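Student: Shown below is the structure under consideration.
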Amino acid sequence: MSEFRFTRPDRFPPIVKNLIIINVLVFVAQLVFDKQLGLTGILALYPIDTPDFKPYQVATHMFTHSPQLIFHIVFNMFTLWMFGRILENVWGAKRFLLFYLLCGIGAAACHLLIQHLRYDPEIVEQLTQAYYNNDNETLEILANKAGFLAPAVGASGAIMGVMAAFAYLFPNTELFIMFIPFPVKAKWAMLGLAAIDLFGGVARVSGDNIAHFAHLGGAITGFLIVLFWNKTNRRSLY
C-alpha cells in the first residue's frame, strides 16, 4: 500500500521572500543615501562603452529601482510574488534562485548588447561639446537620440523571465490584467507583453525610459532555460 502525503504550497516561499526583502532594503538605502553617496548611480547598469560600467553592475542593477518611482518597485515585487512563488513551489528554492539570477544576467546581457550596437561616438562628442558650451537647446535635442548612454535599474528583466516560465508551464491559466475587462490566458498575455517590448525597443519613442530589450532578454533567457529543463519531459504542457 503506497503512502500519499499532501504538501500545502507555501504562499511566501523563502527565496521569493528574501528577494523581496533585499530589493526593499536596497530601495530604502537609495532613499537614505542617494544624496550623500549617489547609491543608485553606483548600483545601476551603465553601457559597456562608457567608463562608468563596472562588471558588478550586471548583478546589482537587478536589486535596484528608481527612487523617484515607488510604483516601479511595488509592481515588480508584486509580480515576483504572484508568479515566482508558484515556480518556487514547483521547482524548489535552489533551482528557482538559479533561474531568477540567470534571467537577470540574460536581461543585462541583451540590454548591454543593444546599447553597444546603438552606440554613436559622434552623438557622444556633440553632447560633450554642447555640455561644455552650456548649449541646453542642443543637449535637449540630442538627449532623445542618446538613449544608448542611459543606465538601467530594476528587477523587471529577471521578472519577465519568471513570467515567461510561468506562461510556458501553465499556458492556459487565466489572468486578470488591469484595464482588460476579461481574463487572458497566460500564454497570450506573455506574447502580448513581449510584442509591446519589441515595439517599444525598435520604435524608441521619445520620453520612453523603459529598457525594453532588457525585458526581452530576461523573457528569452527564462523561456530557453525552462525549455532546456523540460526537454526530456514528454508530457503535454498545454
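Here, A, B, ... name the chains of the C-alpha cells in the order displayed, residue numbers run from 1 inside each chain, and ligands are numbered from 1 in the same displayed order.
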Would you mind listing what lies within 12 Å of Ser66 in chain A as a PyMOL selection string, with only C-alpha atoms counted and same-chain residues fewer than 2 positions away left out?
Tutor: chain A and resi 23-24+26-31+34+39-41+43-44+61-64+68-74+76+151-156+209-210
Student: In range 18-227 of chain A, what's strand (DSSP E or B) per DSSP? Answer as a PDB file with N, CA, C and O atoms, in the first residue's frame?
Tutor:
ATOM      1  N   LEU A  45      23.204  49.771 -13.953  1.00  0.00           N
ATOM      2  CA  LEU A  45      23.946  49.138 -15.046  1.00  0.00           C
ATOM      3  C   LEU A  45      24.210  50.168 -16.135  1.00  0.00           C
ATOM      4  O   LEU A  45      23.280  50.612 -16.823  1.00  0.00           O
ATOM      5  N   ALA A 152      20.626  51.526 -16.490  1.00  0.00           N
ATOM      6  CA  ALA A 152      19.396  50.753 -16.277  1.00  0.00           C
ATOM      7  C   ALA A 152      19.327  50.249 -14.842  1.00  0.00           C
ATOM      8  O   ALA A 152      20.347  49.857 -14.256  1.00  0.00           O
ATOM      9  N   GLU A 174      -5.781  31.491 -16.555  1.00  0.00           N
ATOM     10  CA  GLU A 174      -6.409  32.768 -16.898  1.00  0.00           C
ATOM     11  C   GLU A 174      -5.986  33.855 -15.907  1.00  0.00           C
ATOM     12  O   GLU A 174      -6.046  33.667 -14.698  1.00  0.00           O
ATOM     13  N   LEU A 175      -5.551  34.972 -16.465  1.00  0.00           N
ATOM     14  CA  LEU A 175      -5.082  36.091 -15.662  1.00  0.00           C
ATOM     15  C   LEU A 175      -5.994  37.294 -15.862  1.00  0.00           C
ATOM     16  O   LEU A 175      -6.509  37.509 -16.962  1.00  0.00           O
ATOM     17  N   VAL A 184      -7.385  36.750 -19.500  1.00  0.00           N
ATOM     18  CA  VAL A 184      -6.493  36.452 -20.627  1.00  0.00           C
ATOM     19  C   VAL A 184      -5.607  35.272 -20.228  1.00  0.00           C
ATOM     20  O   VAL A 184      -5.043  35.264 -19.132  1.00  0.00           O
ATOM     21  N   LYS A 185      -5.476  34.288 -21.098  1.00  0.00           N
ATOM     22  CA  LYS A 185      -4.619  33.151 -20.805  1.00  0.00           C
ATOM     23  C   LYS A 185      -3.160  33.601 -20.725  1.00  0.00           C
ATOM     24  O   LYS A 185      -2.735  34.508 -21.435  1.00  0.00           O
TER      25      LYS A 185
END
Student: Using only C-alpha atoms, which of A:Phe12, A:Phe53, A:Phe99, A:Tyr46 sits nearest Gly161 in chain A?
Tutor: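 Distance minimum relative to Gly161 in chain A lands on A:Phe99.
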Student: Give the alpha helix (DSSP H) residues of range 6-105 of chain A, as assigned by DSSP on the backbone, as a PDB file with C-alpha atoms, in the first residue's frame.
Tutor:
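Output file part33.pdb is given in full below:
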ATOM      1  CA  PRO A  14      11.874  31.604   1.205  1.00  0.00           C
ATOM      2  CA  ILE A  15      13.640  32.700  -2.000  1.00  0.00           C
ATOM      3  CA  VAL A  16      10.801  34.945  -3.152  1.00  0.00           C
ATOM      4  CA  LYS A  17      10.512  36.337   0.367  1.00  0.00           C
ATOM      5  CA  ASN A  18      14.227  37.093   0.640  1.00  0.00           C
ATOM      6  CA  LEU A  19      14.436  38.560  -2.854  1.00  0.00           C
ATOM      7  CA  ILE A  20      11.632  40.971  -1.970  1.00  0.00           C
ATOM      8  CA  ILE A  21      13.305  41.849   1.337  1.00  0.00           C
ATOM      9  CA  ILE A  22      16.646  42.549  -0.388  1.00  0.00           C
ATOM     10  CA  ASN A  23      15.001  44.727  -3.037  1.00  0.00           C
ATOM     11  CA  VAL A  24      13.088  46.709  -0.416  1.00  0.00           C
ATOM     12  CA  LEU A  25      16.200  47.185   1.745  1.00  0.00           C
ATOM     13  CA  VAL A  26      18.204  48.420  -1.257  1.00  0.00           C
ATOM     14  CA  PHE A  27      15.348  50.773  -2.172  1.00  0.00           C
ATOM     15  CA  VAL A  28      15.293  52.208   1.352  1.00  0.00           C
ATOM     16  CA  ALA A  29      19.084  52.582   1.258  1.00  0.00           C
ATOM     17  CA  GLN A  30      18.752  54.507  -2.012  1.00  0.00           C
ATOM     18  CA  LEU A  31      16.251  56.885  -0.460  1.00  0.00           C
ATOM     19  CA  VAL A  32      18.508  57.460   2.551  1.00  0.00           C
ATOM     20  CA  PHE A  33      21.969  57.576   0.956  1.00  0.00           C
ATOM     21  CA  ASP A  34      21.437  58.764  -2.624  1.00  0.00           C
ATOM     22  CA  LYS A  35      22.165  62.425  -1.864  1.00  0.00           C
ATOM     23  CA  GLN A  36      25.344  61.659   0.084  1.00  0.00           C
ATOM     24  CA  LEU A  37      26.705  58.656  -1.811  1.00  0.00           C
ATOM     25  CA  LEU A  39      23.988  54.924  -4.399  1.00  0.00           C
ATOM     26  CA  THR A  40      21.665  54.477  -7.368  1.00  0.00           C
ATOM     27  CA  GLY A  41      24.433  55.568  -9.736  1.00  0.00           C
ATOM     28  CA  ILE A  42      26.838  53.084  -8.154  1.00  0.00           C
ATOM     29  CA  LEU A  43      24.461  50.128  -8.446  1.00  0.00           C
ATOM     30  CA  GLN A  57      26.597  46.146 -12.051  1.00  0.00           C
ATOM     31  CA  VAL A  58      25.343  43.133 -14.016  1.00  0.00           C
ATOM     32  CA  ALA A  59      24.237  41.744 -10.632  1.00  0.00           C
ATOM     33  CA  THR A  60      23.476  44.875  -8.610  1.00  0.00           C
ATOM     34  CA  ILE A  70       7.743  53.875  -5.983  1.00  0.00           C
ATOM     35  CA  PHE A  71       5.341  52.176  -8.387  1.00  0.00           C
ATOM     36  CA  HIS A  72       8.396  50.661 -10.103  1.00  0.00           C
ATOM     37  CA  ILE A  73       9.413  48.532  -7.143  1.00  0.00           C
ATOM     38  CA  VAL A  74       5.828  47.885  -5.963  1.00  0.00           C
ATOM     39  CA  PHE A  75       4.768  46.467  -9.330  1.00  0.00           C
ATOM     40  CA  ASN A  76       7.947  44.384  -9.712  1.00  0.00           C
ATOM     41  CA  MET A  77       7.753  42.871  -6.241  1.00  0.00           C
ATOM     42  CA  PHE A  78       4.045  42.114  -6.550  1.00  0.00           C
ATOM     43  CA  THR A  79       4.650  40.369  -9.879  1.00  0.00           C
ATOM     44  CA  ARG A  85       6.017  31.726  -5.556  1.00  0.00           C
ATOM     45  CA  ILE A  86       4.335  29.232  -7.880  1.00  0.00           C
ATOM     46  CA  LEU A  87       7.573  28.405  -9.671  1.00  0.00           C
ATOM     47  CA  GLU A  88       9.499  28.116  -6.410  1.00  0.00           C
ATOM     48  CA  ASN A  89       6.885  25.709  -5.037  1.00  0.00           C
ATOM     49  CA  VAL A  90       7.208  23.620  -8.208  1.00  0.00           C
ATOM     50  CA  TRP A  91      10.998  23.713  -8.579  1.00  0.00           C
ATOM     51  CA  ALA A  93      14.366  27.051  -3.651  1.00  0.00           C
ATOM     52  CA  LYS A  94      17.776  26.332  -5.212  1.00  0.00           C
ATOM     53  CA  ARG A  95      16.527  25.857  -8.752  1.00  0.00           C
ATOM     54  CA  PHE A  96      14.295  28.917  -8.591  1.00  0.00           C
ATOM     55  CA  LEU A  97      17.118  31.134  -7.273  1.00  0.00           C
ATOM     56  CA  LEU A  98      19.442  29.919 -10.042  1.00  0.00           C
ATOM     57  CA  PHE A  99      16.715  30.550 -12.612  1.00  0.00           C
ATOM     58  CA  TYR A 100      15.984  34.065 -11.327  1.00  0.00           C
ATOM     59  CA  LEU A 101      19.628  35.140 -11.294  1.00  0.00           C
ATOM     60  CA  LEU A 102      20.286  33.718 -14.769  1.00  0.00           C
ATOM     61  CA  CYS A 103      17.279  35.610 -16.124  1.00  0.00           C
ATOM     62  CA  GLY A 104      18.603  38.831 -14.614  1.00  0.00           C
ATOM     63  CA  ILE A 105      22.026  38.238 -16.162  1.00  0.00           C
TER      64      ILE A 105
END
Student: Between CA of Leu149 in chain A and CA of Gly222 in chain A, what is the distance, to one decimal in Å?
Tutor: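 So the two atoms, CA of Leu149 in chain A and CA of Gly222 in chain A, lie 26.3 Å apart.
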Student: May I ask for the distance between CA of Leu216 in chain A and CA of Trp81 in chain A, given in Å to one decimal place?
Tutor: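 According to the coordinates, CA of Leu216 in chain A and CA of Trp81 in chain A are separated by 20.1 Å.
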Student: Could you tell me how far CA of Lys187 in chain A sits from CA of Met82 in chain A, in Å to one decimal place?
Tutor: 15.8 Å
Student: Which residues are near range 196-202 of chain A? Cut-off 9 Å, only C-alpha atoms, ignore same chain within fewer than 4 positions. Put them as number ranges by chain.
Tutor: A: 191-192, 208, 210-213, 215-216
Student: Neighbouring residues of Ile48 in chain A were defined as those with any atom within 8 Å, considering only C-alpha atoms; residues of the same chain fewer than 3 positions away were excluded. Please report them as a short mmCIF file (atom, residue, chain, number, x, y, z; two decimals) with N, CA and C atoms, in the first residue's frame.
Tutor:
data_model
loop_
_atom_site.label_atom_id
_atom_site.label_comp_id
_atom_site.auth_asym_id
_atom_site.auth_seq_id
_atom_site.Cartn_x
_atom_site.Cartn_y
_atom_site.Cartn_z
N PRO A 51 32.98 54.70 -19.39
CA PRO A 51 33.87 54.41 -18.26
C PRO A 51 33.13 54.13 -16.95
N PHE A 53 30.82 51.91 -16.59
CA PHE A 53 30.44 50.50 -16.49
C PHE A 53 31.41 49.75 -15.60
N LEU A 112 22.89 45.33 -22.70
CA LEU A 112 24.22 45.85 -23.00
C LEU A 112 24.57 45.68 -24.47
N GLN A 115 22.67 48.31 -26.50
CA GLN A 115 23.29 49.63 -26.28
C GLN A 115 24.61 49.74 -27.02
N HIS A 116 25.39 48.67 -27.02
CA HIS A 116 26.67 48.68 -27.72
C HIS A 116 26.47 48.85 -29.23
#
Student: Residues within 10 Å of Met163 in chain A, please, as JSON, numbers by chain. Count only C-alpha atoms; anything in the same chain fewer than 4 positions from it doesn't count.
Tutor: {"A": [79, 80, 82, 83, 84, 87, 157, 158, 159, 167, 168, 169, 186, 187, 189, 190, 193, 218, 219, 222, 223]}
Student: Considering only C-alpha atoms, state which residue in the set A:Pro47, A:Pro67, A:Gly106, A:Pro183 is at the smallest distance from Ala150 in chain A.
Tutor: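 Of A:Pro47, A:Pro67, A:Gly106, A:Pro183, the one nearest Ala150 in chain A is A:Pro47, counting only C-alpha atoms.
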